[in-house]
Every structure is written in C-alpha cells, then in structure tokens.
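Text of the file upload.pdb, holding PDB, C-alpha atoms and all ligand atoms:
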ATOM      1  CA  MET A 258     -24.196 -22.320   8.980  1.00  0.00           C
ATOM      2  CA  ALA A 259     -21.929 -19.304   9.337  1.00  0.00           C
ATOM      3  CA  GLU A 260     -23.432 -16.225  10.953  1.00  0.00           C
ATOM      4  CA  ARG A 261     -24.385 -13.601   8.368  1.00  0.00           C
ATOM      5  CA  ALA A 262     -22.530 -10.309   8.508  1.00  0.00           C
ATOM      6  CA  ARG A 263     -24.235  -7.062   9.340  1.00  0.00           C
ATOM      7  CA  VAL A 264     -23.035  -3.934   7.617  1.00  0.00           C
ATOM      8  CA  ARG A 265     -24.030  -0.308   7.308  1.00  0.00           C
ATOM      9  CA  LEU A 266     -23.109   2.231   4.660  1.00  0.00           C
ATOM     10  CA  GLU A 267     -21.663   5.670   5.412  1.00  0.00           C
ATOM     11  CA  PRO A 268     -20.940   8.394   2.867  1.00  0.00           C
ATOM     12  CA  TRP A 269     -17.301   8.248   1.730  1.00  0.00           C
ATOM     13  CA  GLY A 270     -15.386  10.748   3.857  1.00  0.00           C
ATOM     14  CA  GLU A 271     -12.258  12.888   3.934  1.00  0.00           C
ATOM     15  CA  GLY A 272     -10.500  10.450   6.266  1.00  0.00           C
ATOM     16  CA  ASP A 273     -11.018   7.397   4.074  1.00  0.00           C
ATOM     17  CA  LEU A 274      -7.867   7.555   1.909  1.00  0.00           C
ATOM     18  CA  PRO A 275      -6.079   4.865   4.005  1.00  0.00           C
ATOM     19  CA  LEU A 276      -9.019   2.517   3.353  1.00  0.00           C
ATOM     20  CA  LEU A 277      -8.959   3.346  -0.358  1.00  0.00           C
ATOM     21  CA  ARG A 278      -5.217   2.572  -0.443  1.00  0.00           C
ATOM     22  CA  ARG A 279      -5.886  -0.898   0.961  1.00  0.00           C
ATOM     23  CA  LEU A 280      -8.643  -1.492  -1.607  1.00  0.00           C
ATOM     24  CA  MET A 281      -7.383   0.047  -4.860  1.00  0.00           C
ATOM     25  CA  GLY A 282      -3.658   0.288  -4.110  1.00  0.00           C
ATOM     26  CA  ASP A 283      -3.228  -3.402  -3.341  1.00  0.00           C
ATOM     27  CA  PRO A 284      -2.152  -5.976  -5.982  1.00  0.00           C
ATOM     28  CA  ALA A 285      -4.363  -8.831  -4.708  1.00  0.00           C
ATOM     29  CA  MET A 286      -7.422  -6.607  -4.303  1.00  0.00           C
ATOM     30  CA  THR A 287      -7.086  -5.234  -7.851  1.00  0.00           C
ATOM     31  CA  GLU A 288      -6.325  -8.551  -9.575  1.00  0.00           C
ATOM     32  CA  HIS A 289      -9.594  -8.247 -11.562  1.00  0.00           C
ATOM     33  CA  LEU A 290      -9.492  -4.443 -11.769  1.00  0.00           C
ATOM     34  CA  GLY A 291      -6.385  -3.805 -13.832  1.00  0.00           C
ATOM     35  CA  GLY A 292      -3.808  -3.780 -11.025  1.00  0.00           C
ATOM     36  CA  PRO A 293      -2.983  -1.395  -8.176  1.00  0.00           C
ATOM     37  CA  GLU A 294      -3.351   2.350  -8.670  1.00  0.00           C
ATOM     38  CA  SER A 295      -0.522   4.813  -8.071  1.00  0.00           C
ATOM     39  CA  GLU A 296      -0.651   7.220  -5.128  1.00  0.00           C
ATOM     40  CA  GLU A 297      -1.573   9.992  -7.592  1.00  0.00           C
ATOM     41  CA  LYS A 298      -4.493   7.989  -8.998  1.00  0.00           C
ATOM     42  CA  LEU A 299      -5.627   7.067  -5.486  1.00  0.00           C
ATOM     43  CA  THR A 300      -5.672  10.739  -4.464  1.00  0.00           C
ATOM     44  CA  GLU A 301      -7.725  11.602  -7.566  1.00  0.00           C
ATOM     45  CA  ARG A 302     -10.128   8.764  -6.796  1.00  0.00           C
ATOM     46  CA  GLN A 303     -10.415   9.885  -3.167  1.00  0.00           C
ATOM     47  CA  GLY A 304     -11.466  13.350  -4.389  1.00  0.00           C
ATOM     48  CA  ARG A 305     -14.087  11.883  -6.748  1.00  0.00           C
ATOM     49  CA  TYR A 306     -15.484   9.647  -3.984  1.00  0.00           C
ATOM     50  CA  GLU A 307     -15.726  12.596  -1.578  1.00  0.00           C
ATOM     51  CA  ARG A 308     -17.475  14.843  -4.100  1.00  0.00           C
ATOM     52  CA  ILE A 309     -19.809  12.516  -5.975  1.00  0.00           C
ATOM     53  CA  GLY A 310     -22.605  12.634  -3.387  1.00  0.00           C
ATOM     54  CA  GLY A 311     -22.916  16.376  -3.886  1.00  0.00           C
ATOM     55  CA  THR A 312     -23.137  16.174  -7.678  1.00  0.00           C
ATOM     56  CA  GLY A 313     -26.353  14.184  -8.026  1.00  0.00           C
ATOM     57  CA  THR A 314     -24.577  11.731 -10.358  1.00  0.00           C
ATOM     58  CA  GLY A 315     -24.139   8.865  -7.904  1.00  0.00           C
ATOM     59  CA  ARG A 316     -22.975   7.919  -4.423  1.00  0.00           C
ATOM     60  CA  MET A 317     -19.891   6.316  -2.899  1.00  0.00           C
ATOM     61  CA  PHE A 318     -20.064   4.632   0.480  1.00  0.00           C
ATOM     62  CA  LYS A 319     -17.749   3.148   3.045  1.00  0.00           C
ATOM     63  CA  ILE A 320     -18.888  -0.302   4.167  1.00  0.00           C
ATOM     64  CA  VAL A 321     -18.756  -0.483   7.962  1.00  0.00           C
ATOM     65  CA  ASP A 322     -18.832  -3.672  10.032  1.00  0.00           C
ATOM     66  CA  GLU A 323     -21.779  -3.126  12.392  1.00  0.00           C
ATOM     67  CA  ALA A 324     -20.297  -5.380  15.077  1.00  0.00           C
ATOM     68  CA  THR A 325     -17.029  -3.480  15.495  1.00  0.00           C
ATOM     69  CA  GLY A 326     -17.475  -0.172  13.635  1.00  0.00           C
ATOM     70  CA  GLU A 327     -14.414  -1.006  11.534  1.00  0.00           C
ATOM     71  CA  PRO A 328     -14.212   0.022   7.885  1.00  0.00           C
ATOM     72  CA  ALA A 329     -14.582  -3.080   5.704  1.00  0.00           C
ATOM     73  CA  GLY A 330     -14.749  -1.843   2.124  1.00  0.00           C
ATOM     74  CA  SER A 331     -16.424   0.352  -0.472  1.00  0.00           C
ATOM     75  CA  VAL A 332     -19.541   0.233  -2.593  1.00  0.00           C
ATOM     76  CA  GLY A 333     -21.263   2.786  -4.785  1.00  0.00           C
ATOM     77  CA  TYR A 334     -22.792   3.750  -8.090  1.00  0.00           C
ATOM     78  CA  TRP A 335     -22.101   6.379 -10.703  1.00  0.00           C
ATOM     79  CA  GLU A 336     -23.440   7.468 -14.074  1.00  0.00           C
ATOM     80  CA  LYS A 337     -22.164   5.859 -17.250  1.00  0.00           C
ATOM     81  CA  ASP A 338     -23.056   6.337 -20.909  1.00  0.00           C
ATOM     82  CA  TRP A 339     -23.845   2.867 -22.165  1.00  0.00           C
ATOM     83  CA  ARG A 340     -25.427   1.763 -25.451  1.00  0.00           C
ATOM     84  CA  ASP A 341     -26.881   5.253 -26.194  1.00  0.00           C
ATOM     85  CA  THR A 342     -28.364   5.815 -22.761  1.00  0.00           C
ATOM     86  CA  THR A 343     -27.277   6.929 -19.288  1.00  0.00           C
ATOM     87  CA  VAL A 344     -27.268   4.167 -16.706  1.00  0.00           C
ATOM     88  CA  TYR A 345     -25.872   3.683 -13.245  1.00  0.00           C
ATOM     89  CA  GLU A 346     -22.839   1.425 -12.885  1.00  0.00           C
ATOM     90  CA  THR A 347     -22.080  -0.165  -9.526  1.00  0.00           C
ATOM     91  CA  GLY A 348     -18.923  -1.644  -7.999  1.00  0.00           C
ATOM     92  CA  TRP A 349     -17.825  -3.076  -4.660  1.00  0.00           C
ATOM     93  CA  SER A 350     -14.713  -4.061  -2.774  1.00  0.00           C
ATOM     94  CA  VAL A 351     -14.273  -5.760   0.623  1.00  0.00           C
ATOM     95  CA  LEU A 352     -11.007  -6.082   2.580  1.00  0.00           C
ATOM     96  CA  PRO A 353      -9.570  -9.633   2.760  1.00  0.00           C
ATOM     97  CA  GLU A 354     -10.197 -10.054   6.504  1.00  0.00           C
ATOM     98  CA  PHE A 355     -13.938  -9.406   5.970  1.00  0.00           C
ATOM     99  CA  GLN A 356     -14.422 -11.510   2.839  1.00  0.00           C
ATOM    100  CA  GLY A 357     -16.489 -14.689   2.670  1.00  0.00           C
ATOM    101  CA  ARG A 358     -19.101 -13.455   5.175  1.00  0.00           C
ATOM    102  CA  GLY A 359     -21.701 -12.043   2.802  1.00  0.00           C
ATOM    103  CA  MET A 360     -20.667  -8.450   3.422  1.00  0.00           C
ATOM    104  CA  ALA A 361     -20.250  -7.419  -0.212  1.00  0.00           C
ATOM    105  CA  GLY A 362     -23.674  -8.800  -1.121  1.00  0.00           C
ATOM    106  CA  GLU A 363     -25.368  -7.134   1.813  1.00  0.00           C
ATOM    107  CA  ALA A 364     -23.651  -3.781   1.206  1.00  0.00           C
ATOM    108  CA  THR A 365     -24.467  -3.903  -2.500  1.00  0.00           C
ATOM    109  CA  GLN A 366     -28.129  -4.577  -1.706  1.00  0.00           C
ATOM    110  CA  GLN A 367     -28.151  -1.399   0.403  1.00  0.00           C
ATOM    111  CA  ALA A 368     -26.534   0.571  -2.435  1.00  0.00           C
ATOM    112  CA  ILE A 369     -29.171  -0.809  -4.836  1.00  0.00           C
ATOM    113  CA  ASP A 370     -31.907   0.388  -2.475  1.00  0.00           C
ATOM    114  CA  SER A 371     -30.334   3.861  -2.449  1.00  0.00           C
ATOM    115  CA  ALA A 372     -30.164   4.025  -6.271  1.00  0.00           C
ATOM    116  CA  ARG A 373     -33.732   2.708  -6.542  1.00  0.00           C
ATOM    117  CA  ASP A 374     -35.035   5.338  -4.109  1.00  0.00           C
ATOM    118  CA  GLU A 375     -33.667   8.103  -6.348  1.00  0.00           C
ATOM    119  CA  ARG A 376     -35.991   7.079  -9.218  1.00  0.00           C
ATOM    120  CA  LYS A 377     -33.440   8.667 -11.545  1.00  0.00           C
ATOM    121  CA  HIS A 378     -32.092   5.921 -13.826  1.00  0.00           C
ATOM    122  CA  ARG A 379     -33.917   2.744 -14.694  1.00  0.00           C
ATOM    123  CA  TYR A 380     -30.931   0.454 -15.121  1.00  0.00           C
ATOM    124  CA  LEU A 381     -28.052  -0.396 -12.826  1.00  0.00           C
ATOM    125  CA  HIS A 382     -25.204  -2.302 -14.508  1.00  0.00           C
ATOM    126  CA  ALA A 383     -22.250  -4.204 -13.093  1.00  0.00           C
ATOM    127  CA  PHE A 384     -19.279  -5.276 -15.194  1.00  0.00           C
ATOM    128  CA  PRO A 385     -17.206  -7.819 -13.251  1.00  0.00           C
ATOM    129  CA  SER A 386     -14.414  -9.637 -15.044  1.00  0.00           C
ATOM    130  CA  VAL A 387     -15.633 -13.032 -16.305  1.00  0.00           C
ATOM    131  CA  GLU A 388     -12.937 -14.510 -14.012  1.00  0.00           C
ATOM    132  CA  ASN A 389     -14.208 -12.781 -10.854  1.00  0.00           C
ATOM    133  CA  ALA A 390     -16.303 -15.653  -9.456  1.00  0.00           C
ATOM    134  CA  PRO A 391     -17.434 -13.984  -6.188  1.00  0.00           C
ATOM    135  CA  SER A 392     -18.558 -10.809  -7.976  1.00  0.00           C
ATOM    136  CA  ASN A 393     -20.469 -12.733 -10.621  1.00  0.00           C
ATOM    137  CA  ALA A 394     -22.088 -14.757  -7.821  1.00  0.00           C
ATOM    138  CA  ILE A 395     -23.137 -11.521  -6.100  1.00  0.00           C
ATOM    139  CA  CYS A 396     -24.776 -10.214  -9.299  1.00  0.00           C
ATOM    140  CA  ARG A 397     -26.712 -13.453  -9.750  1.00  0.00           C
ATOM    141  CA  LYS A 398     -27.760 -13.556  -6.088  1.00  0.00           C
ATOM    142  CA  LEU A 399     -29.019  -9.948  -6.090  1.00  0.00           C
ATOM    143  CA  GLY A 400     -31.236 -10.445  -9.138  1.00  0.00           C
ATOM    144  CA  PHE A 401     -29.167  -8.920 -11.930  1.00  0.00           C
ATOM    145  CA  GLU A 402     -29.795 -10.309 -15.411  1.00  0.00           C
ATOM    146  CA  LEU A 403     -26.755 -11.449 -17.416  1.00  0.00           C
ATOM    147  CA  LEU A 404     -26.898  -9.716 -20.811  1.00  0.00           C
ATOM    148  CA  GLU A 405     -23.599 -10.562 -22.536  1.00  0.00           C
ATOM    149  CA  GLU A 406     -19.835 -10.570 -22.347  1.00  0.00           C
ATOM    150  CA  CYS A 407     -18.008  -7.454 -23.472  1.00  0.00           C
ATOM    151  CA  ASP A 408     -14.452  -6.083 -23.696  1.00  0.00           C
ATOM    152  CA  PHE A 409     -13.223  -3.136 -21.664  1.00  0.00           C
ATOM    153  CA  GLU A 410      -9.923  -1.296 -21.713  1.00  0.00           C
ATOM    154  CA  PHE A 411      -9.258  -0.282 -18.110  1.00  0.00           C
ATOM    155  CA  PRO A 412      -6.909   1.191 -17.179  1.00  0.00           C
ATOM    156  CA  PRO A 413      -5.730   2.284 -20.644  1.00  0.00           C
ATOM    157  CA  GLY A 414      -3.681  -0.502 -22.217  1.00  0.00           C
ATOM    158  CA  HIS A 415      -5.225  -3.235 -20.058  1.00  0.00           C
ATOM    159  CA  HIS A 416      -7.931  -5.307 -21.762  1.00  0.00           C
ATOM    160  CA  MET A 417     -10.549  -7.147 -19.747  1.00  0.00           C
ATOM    161  CA  ARG A 418     -13.315  -9.563 -20.678  1.00  0.00           C
ATOM    162  CA  CYS A 419     -16.323  -8.638 -18.525  1.00  0.00           C
ATOM    163  CA  ASN A 420     -19.894  -9.727 -17.991  1.00  0.00           C
ATOM    164  CA  ASP A 421     -22.593  -7.107 -18.492  1.00  0.00           C
ATOM    165  CA  TRP A 422     -25.114  -7.622 -15.679  1.00  0.00           C
ATOM    166  CA  ARG A 423     -28.222  -5.398 -15.502  1.00  0.00           C
ATOM    167  CA  LEU A 424     -30.808  -4.753 -12.804  1.00  0.00           C
ATOM    168  CA  ASP A 425     -34.097  -2.965 -13.523  1.00  0.00           C
ATOM    169  CA  LEU A 426     -34.515  -0.495 -10.658  1.00  0.00           C
ATOM    170  CA  PHE A 427     -38.043   0.381 -11.764  1.00  0.00           C
ATOM    171  CA  ALA A 428     -39.314  -3.212 -11.797  1.00  0.00           C
ATOM    172  CA  ALA A 429     -42.014  -4.058  -9.279  1.00  0.00           C
ATOM    173  CA  GLY A 430     -41.101  -6.201  -6.310  1.00  0.00           C
TER     174      GLY A 430
HETATM  175  C1  LIG A 501     -15.616  -9.540  -4.790  1.00  0.00           C
HETATM  176  C2  LIG A 501     -15.586  -9.269  -3.298  1.00  0.00           C
HETATM  177  C3  LIG A 501     -16.129  -7.885  -3.024  1.00  0.00           C
HETATM  178  C4  LIG A 501     -16.444 -10.310  -2.589  1.00  0.00           C
HETATM  179  O1  LIG A 501     -16.545  -9.941  -1.206  1.00  0.00           O
HETATM  180  P1  LIG A 501     -17.255 -10.897  -0.122  1.00  0.00           P
HETATM  181  O2  LIG A 501     -17.682 -10.045   1.019  1.00  0.00           O
HETATM  182  O3  LIG A 501     -16.363 -12.044   0.165  1.00  0.00           O
HETATM  183  O4  LIG A 501     -18.515 -11.384  -0.944  1.00  0.00           O
HETATM  184  P2  LIG A 501     -19.840 -12.085  -0.346  1.00  0.00           P
HETATM  185  O5  LIG A 501     -19.417 -12.927   0.812  1.00  0.00           O
HETATM  186  O6  LIG A 501     -20.886 -11.053  -0.139  1.00  0.00           O
HETATM  187  O7  LIG A 501     -20.370 -12.956  -1.553  1.00  0.00           O
HETATM  188  C5  LIG A 501     -19.521 -13.720  -2.311  1.00  0.00           C
HETATM  189  C6  LIG A 501     -20.420 -14.751  -3.000  1.00  0.00           C
HETATM  190  O8  LIG A 501     -19.593 -15.374  -3.962  1.00  0.00           O
HETATM  191  C7  LIG A 501     -19.573 -16.749  -3.734  1.00  0.00           C
HETATM  192  N1  LIG A 501     -18.252 -17.204  -4.122  1.00  0.00           N
HETATM  193  C8  LIG A 501     -17.081 -16.932  -3.545  1.00  0.00           C
HETATM  194  N2  LIG A 501     -16.085 -17.525  -4.210  1.00  0.00           N
HETATM  195  C9  LIG A 501     -16.648 -18.182  -5.248  1.00  0.00           C
HETATM  196  C10 LIG A 501     -16.142 -18.997  -6.286  1.00  0.00           C
HETATM  197  N3  LIG A 501     -14.836 -19.231  -6.423  1.00  0.00           N
HETATM  198  N4  LIG A 501     -17.034 -19.489  -7.177  1.00  0.00           N
HETATM  199  C11 LIG A 501     -18.349 -19.228  -7.076  1.00  0.00           C
HETATM  200  N5  LIG A 501     -18.889 -18.492  -6.088  1.00  0.00           N
HETATM  201  C12 LIG A 501     -18.026 -17.972  -5.194  1.00  0.00           C
HETATM  202  C13 LIG A 501     -19.855 -16.926  -2.274  1.00  0.00           C
HETATM  203  O9  LIG A 501     -20.364 -18.198  -1.992  1.00  0.00           O
HETATM  204  C14 LIG A 501     -20.872 -15.830  -2.021  1.00  0.00           C
HETATM  205  O10 LIG A 501     -22.166 -16.213  -2.420  1.00  0.00           O
HETATM  206  P3  LIG A 501     -23.265 -16.691  -1.298  1.00  0.00           P
HETATM  207  O11 LIG A 501     -23.489 -15.530  -0.386  1.00  0.00           O
HETATM  208  O12 LIG A 501     -24.477 -17.004  -2.132  1.00  0.00           O
HETATM  209  O13 LIG A 501     -22.677 -17.848  -0.603  1.00  0.00           O
HETATM  210  C15 LIG A 501     -14.141  -9.347  -2.740  1.00  0.00           C
HETATM  211  O14 LIG A 501     -13.610 -10.600  -3.098  1.00  0.00           O
HETATM  212  C16 LIG A 501     -13.245  -8.228  -3.279  1.00  0.00           C
HETATM  213  O15 LIG A 501     -13.255  -7.125  -2.763  1.00  0.00           O
HETATM  214  N6  LIG A 501     -12.452  -8.505  -4.318  1.00  0.00           N
HETATM  215  C17 LIG A 501     -11.548  -7.507  -4.857  1.00  0.00           C
HETATM  216  C18 LIG A 501     -12.253  -6.317  -5.503  1.00  0.00           C
HETATM  217  C19 LIG A 501     -13.158  -6.707  -6.648  1.00  0.00           C
HETATM  218  O16 LIG A 501     -12.785  -7.551  -7.469  1.00  0.00           O
HETATM  219  N7  LIG A 501     -14.321  -6.088  -6.708  1.00  0.00           N
HETATM  220  C20 LIG A 501     -15.328  -6.393  -7.697  1.00  0.00           C
HETATM  221  C21 LIG A 501     -15.363  -5.438  -8.810  1.00  0.00           C
HETATM  222  S1  LIG A 501     -16.794  -5.758  -9.850  1.00  0.00           S
END

Go ahead and render the structure in this file as structure tokens.
Ligand SMILES: CC(C)(COP(=O)(O)OP(=O)(O)OC[C@H]1O[C@@H](n2cnc3c(N)ncnc32)[C@H](O)[C@@H]1OP(=O)(O)O)[C@@H](O)C(=O)NCCC(=O)NCCS
Amino acid sequence: MAERARVRLEPWGEGDLPLLRRLMGDPAMTEHLGGPESEEKLTERQGRYERIGGTGTGRMFKIVDEATGEPAGSVGYWEKDWRDTTVYETGWSVLPEFQGRGMAGEATQQAIDSARDERKHRYLHAFPSVENAPSNAICRKLGFELLEECDFEFPPGHHMRCNDWRLDLFAAG
C-alpha cells in the first residue's frame, strides 16, 4: 500500500500568489472550476485569501508537504448564503505532482477541524462538479452527506452541474 501523505496547513500568505497561479490560473487544474482565471482575477483572489482570516468569515490555508516543506495546494472555507441560512462552503486544490497521495483529503480534514472548533456555523457544504470524481470521493470519505444535485453559474456565463454535499459540524463524534 502506498505511504500516506503528511500535510500541514499554514495561513495563506502574501508570498503565495505564484502558488495560486498554478492552482487557479491553470487550464487542467480548473477543468471543473470554470476554466483558468485571468491575472486580474488571480490578484483579486490573492487579496481575498490574505484578508479572510482577519474578517471572521472563514479561513484560507496553504497546504504544505510535511516531508519537504513545499507548497502543495490550497484549502479553506468561507461563508455562503444558502437556502435561507448562512453556511460555510469549503474547497480544495492540490498541485498535479502531489495528487493521488491522499493530501487533499487529509488537508480538508484539518480544515474541517478548524471550522468545527469555531462553533460558528453548523453546516459545511461542498459543491464539486458531478464530473469531479476525486472531489466527490473526498466528500464521501470525510463523512459529508449527499443532499442533491444543483446548477451553478460560475464564473458568469459558465453553467455547472454540482453535487451539494453537507457536513454537520455540530454532530457528536
Ligand atoms: C480534487 C483534487 C484536490 C484531489 O487531490 P488528491 O490529493 O489527489 O486527492 P486525494 O488523494 O486526497 O483523494 C482523492 C480520492 O479520490 C479517489 N479518486 C481519484 N480518482 C478517482 C476516480 N476517477 N473515481 C473515483 N475515485 C477517484 C482516490 O482514490 C482518493 O480516495 P481514497 O483516498 O479513498 O483512495 C485534485 O485532483 C485537484 O486539485 N483538482 C483540481 C482542483 C479541483 O477540482 N478542486 C476541487 C474543487 S471542489
């Protein structure tokens, strides 16, 4: 059996724009996320990621490979108005050279623990495209409940069929 990856999360930092470019500015990495973002959009996103921890409305983290200290991806959660309530939404992204080693699942579990420790919102949702097999597998593995399929327009003009997965952060166990 392959050795399981070890990762740690660090708050998203000022120097992390090159990592963000490789995640959200890359056609293959954004296949299920509406395509690569422009440099302008990436800079806006970088600013949001840097600031969110100070706003009390979520967290964004850099995933770091414990073995080498190299940046491997991103994971985080942020507030979203959903079905008449405020929930947390989560999302993750792991660079190609680190994929297939359990890193995204492990990093997302750590982000879940962070959101749970806040005791702020009961529900954490994830909305992977129905075609994103690894992300749907991660949701299932980490104990999310599949509620339904729904349509999203993101970015504007791009329609996606997504699964609505929900985790109860207040549930015992
Ligand atoms: C989705 C993504 C983060 C997965 O990263 P990863 O580190 O390879 O993921 P993990 O190794 O933690 O877990 C992937 C799981 O999916 C499973 N999986 C992978 N490909 C699969 C497939 N085609 N069908 C079913 N399951 C699959 C793996 O077996 C693994 O489950 P396991 O740990 O129970 O064996 C990575 O592919 C990525 O960054 N993609 C681009 C960005 C993106 O789409 N983000 C998601 C937005 S919701």

Neighbours of Gln367 (chain A) within 10 Å (all atoms listed in the file; same-chain residues fewer than 2 positions away dropped), as a JSON list (two decimals) with C-alpha atoms, keeping the file's coordinate frame?
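Saved to around-v7.json:
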[["chain", "number", "residue", "atom", "x", "y", "z"],
["A", 264, "VAL", "CA", -23.04, -3.93, 7.62],
["A", 265, "ARG", "CA", -24.03, -0.31, 7.31],
["A", 266, "LEU", "CA", -23.11, 2.23, 4.66],
["A", 332, "VAL", "CA", -19.54, 0.23, -2.59],
["A", 333, "GLY", "CA", -21.26, 2.79, -4.78],
["A", 361, "ALA", "CA", -20.25, -7.42, -0.21],
["A", 362, "GLY", "CA", -23.67, -8.80, -1.12],
["A", 363, "GLU", "CA", -25.37, -7.13, 1.81],
["A", 364, "ALA", "CA", -23.65, -3.78, 1.21],
["A", 365, "THR", "CA", -24.47, -3.90, -2.50],
["A", 369, "ILE", "CA", -29.17, -0.81, -4.84],
["A", 370, "ASP", "CA", -31.91, 0.39, -2.48],
["A", 371, "SER", "CA", -30.33, 3.86, -2.45],
["A", 372, "ALA", "CA", -30.16, 4.03, -6.27],
["A", 373, "ARG", "CA", -33.73, 2.71, -6.54]]

For chain A against ligand LIG 501 (chain A), with a cut-off of 8 Å and counting all atoms listed in the file, what is the closest atom pair and its distance in Å to one decimal for every residue that makes the cut, ordered by chain and number, as JSON lines?
{"residue": "A:Leu280", "atom": "CA", "partner": "A:LIG501", "partner_atom": "C18", "distance": 7.2}
{"residue": "A:Ala285", "atom": "CA", "partner": "A:LIG501", "partner_atom": "C17", "distance": 7.3}
{"residue": "A:Met286", "atom": "CA", "partner": "A:LIG501", "partner_atom": "C17", "distance": 4.3}
{"residue": "A:Thr287", "atom": "CA", "partner": "A:LIG501", "partner_atom": "C18", "distance": 5.8}
{"residue": "A:Glu288", "atom": "CA", "partner": "A:LIG501", "partner_atom": "O16", "distance": 6.9}
{"residue": "A:His289", "atom": "CA", "partner": "A:LIG501", "partner_atom": "O16", "distance": 5.2}
{"residue": "A:Leu290", "atom": "CA", "partner": "A:LIG501", "partner_atom": "O16", "distance": 6.2}
{"residue": "A:Gly330", "atom": "CA", "partner": "A:LIG501", "partner_atom": "O15", "distance": 7.3}
{"residue": "A:Thr347", "atom": "CA", "partner": "A:LIG501", "partner_atom": "S1", "distance": 7.7}
{"residue": "A:Gly348", "atom": "CA", "partner": "A:LIG501", "partner_atom": "S1", "distance": 5.0}
{"residue": "A:Trp349", "atom": "CA", "partner": "A:LIG501", "partner_atom": "N7", "distance": 5.1}
{"residue": "A:Ser350", "atom": "CA", "partner": "A:LIG501", "partner_atom": "O15", "distance": 3.4}
{"residue": "A:Val351", "atom": "CA", "partner": "A:LIG501", "partner_atom": "O15", "distance": 3.8}
{"residue": "A:Leu352", "atom": "CA", "partner": "A:LIG501", "partner_atom": "O15", "distance": 5.9}
{"residue": "A:Pro353", "atom": "CA", "partner": "A:LIG501", "partner_atom": "O15", "distance": 7.1}
{"residue": "A:Phe355", "atom": "CA", "partner": "A:LIG501", "partner_atom": "O2", "distance": 6.2}
{"residue": "A:Gln356", "atom": "CA", "partner": "A:LIG501", "partner_atom": "O3", "distance": 3.3}
{"residue": "A:Gly357", "atom": "CA", "partner": "A:LIG501", "partner_atom": "O3", "distance": 3.6}
{"residue": "A:Arg358", "atom": "CA", "partner": "A:LIG501", "partner_atom": "O5", "distance": 4.4}
{"residue": "A:Gly359", "atom": "CA", "partner": "A:LIG501", "partner_atom": "O5", "distance": 3.2}
{"residue": "A:Met360", "atom": "CA", "partner": "A:LIG501", "partner_atom": "O2", "distance": 4.2}
{"residue": "A:Ala361", "atom": "CA", "partner": "A:LIG501", "partner_atom": "O6", "distance": 3.7}
{"residue": "A:Gly362", "atom": "CA", "partner": "A:LIG501", "partner_atom": "O6", "distance": 3.7}
{"residue": "A:Glu363", "atom": "CA", "partner": "A:LIG501", "partner_atom": "O6", "distance": 6.3}
{"residue": "A:Ala364", "atom": "CA", "partner": "A:LIG501", "partner_atom": "O6", "distance": 7.9}
{"residue": "A:Ala383", "atom": "CA", "partner": "A:LIG501", "partner_atom": "S1", "distance": 6.5}
{"residue": "A:Phe384", "atom": "CA", "partner": "A:LIG501", "partner_atom": "S1", "distance": 5.9}
{"residue": "A:Pro385", "atom": "CA", "partner": "A:LIG501", "partner_atom": "S1", "distance": 4.0}
{"residue": "A:Ser386", "atom": "CA", "partner": "A:LIG501", "partner_atom": "S1", "distance": 6.9}
{"residue": "A:Asn389", "atom": "CA", "partner": "A:LIG501", "partner_atom": "O16", "distance": 6.4}
{"residue": "A:Ala390", "atom": "CA", "partner": "A:LIG501", "partner_atom": "N4", "distance": 4.5}
{"residue": "A:Pro391", "atom": "CA", "partner": "A:LIG501", "partner_atom": "O8", "distance": 3.4}
{"residue": "A:Ser392", "atom": "CA", "partner": "A:LIG501", "partner_atom": "C1", "distance": 4.5}
{"residue": "A:Asn393", "atom": "CA", "partner": "A:LIG501", "partner_atom": "O8", "distance": 7.2}
{"residue": "A:Ala394", "atom": "CA", "partner": "A:LIG501", "partner_atom": "O8", "distance": 4.6}
{"residue": "A:Ile395", "atom": "CA", "partner": "A:LIG501", "partner_atom": "C6", "distance": 5.2}
{"residue": "A:Lys398", "atom": "CA", "partner": "A:LIG501", "partner_atom": "O12", "distance": 6.2}

*Expansion of the PyMOL selection byres (((chain A and resi 271) around 9) and not hetatm) into residues, as a PyMOL selection string*: chain A and resi 269-270+272-274+303-304+307

*Apply the PyMOL selection byres (((chain A and resi 410-421) around 6) and not hetatm) to the displayed file and report the matching residues as a PyMOL selection string.*
chain A and resi 384-387+404-409+422

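If you look at CA of Pro284 (chain A) and CA of Glu354 (chain A), they are 15.4 Å away from each other.
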
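Atom pair CA of Glu267 (chain A) / CA of Phe318 (chain A) has a distance of 5.3 Å (rounded to one decimal).
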
*Evaluate the PyMOL selection byres (((chain A and resi 316) around 6) and not hetatm) and record the selected residues as a count of residues only, following the chain and residue labels used in the document.*
6

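Taking CA of Arg302 (chain A) and CA of Lys337 (chain A) as endpoints, the distance between them is 16.2 Å.
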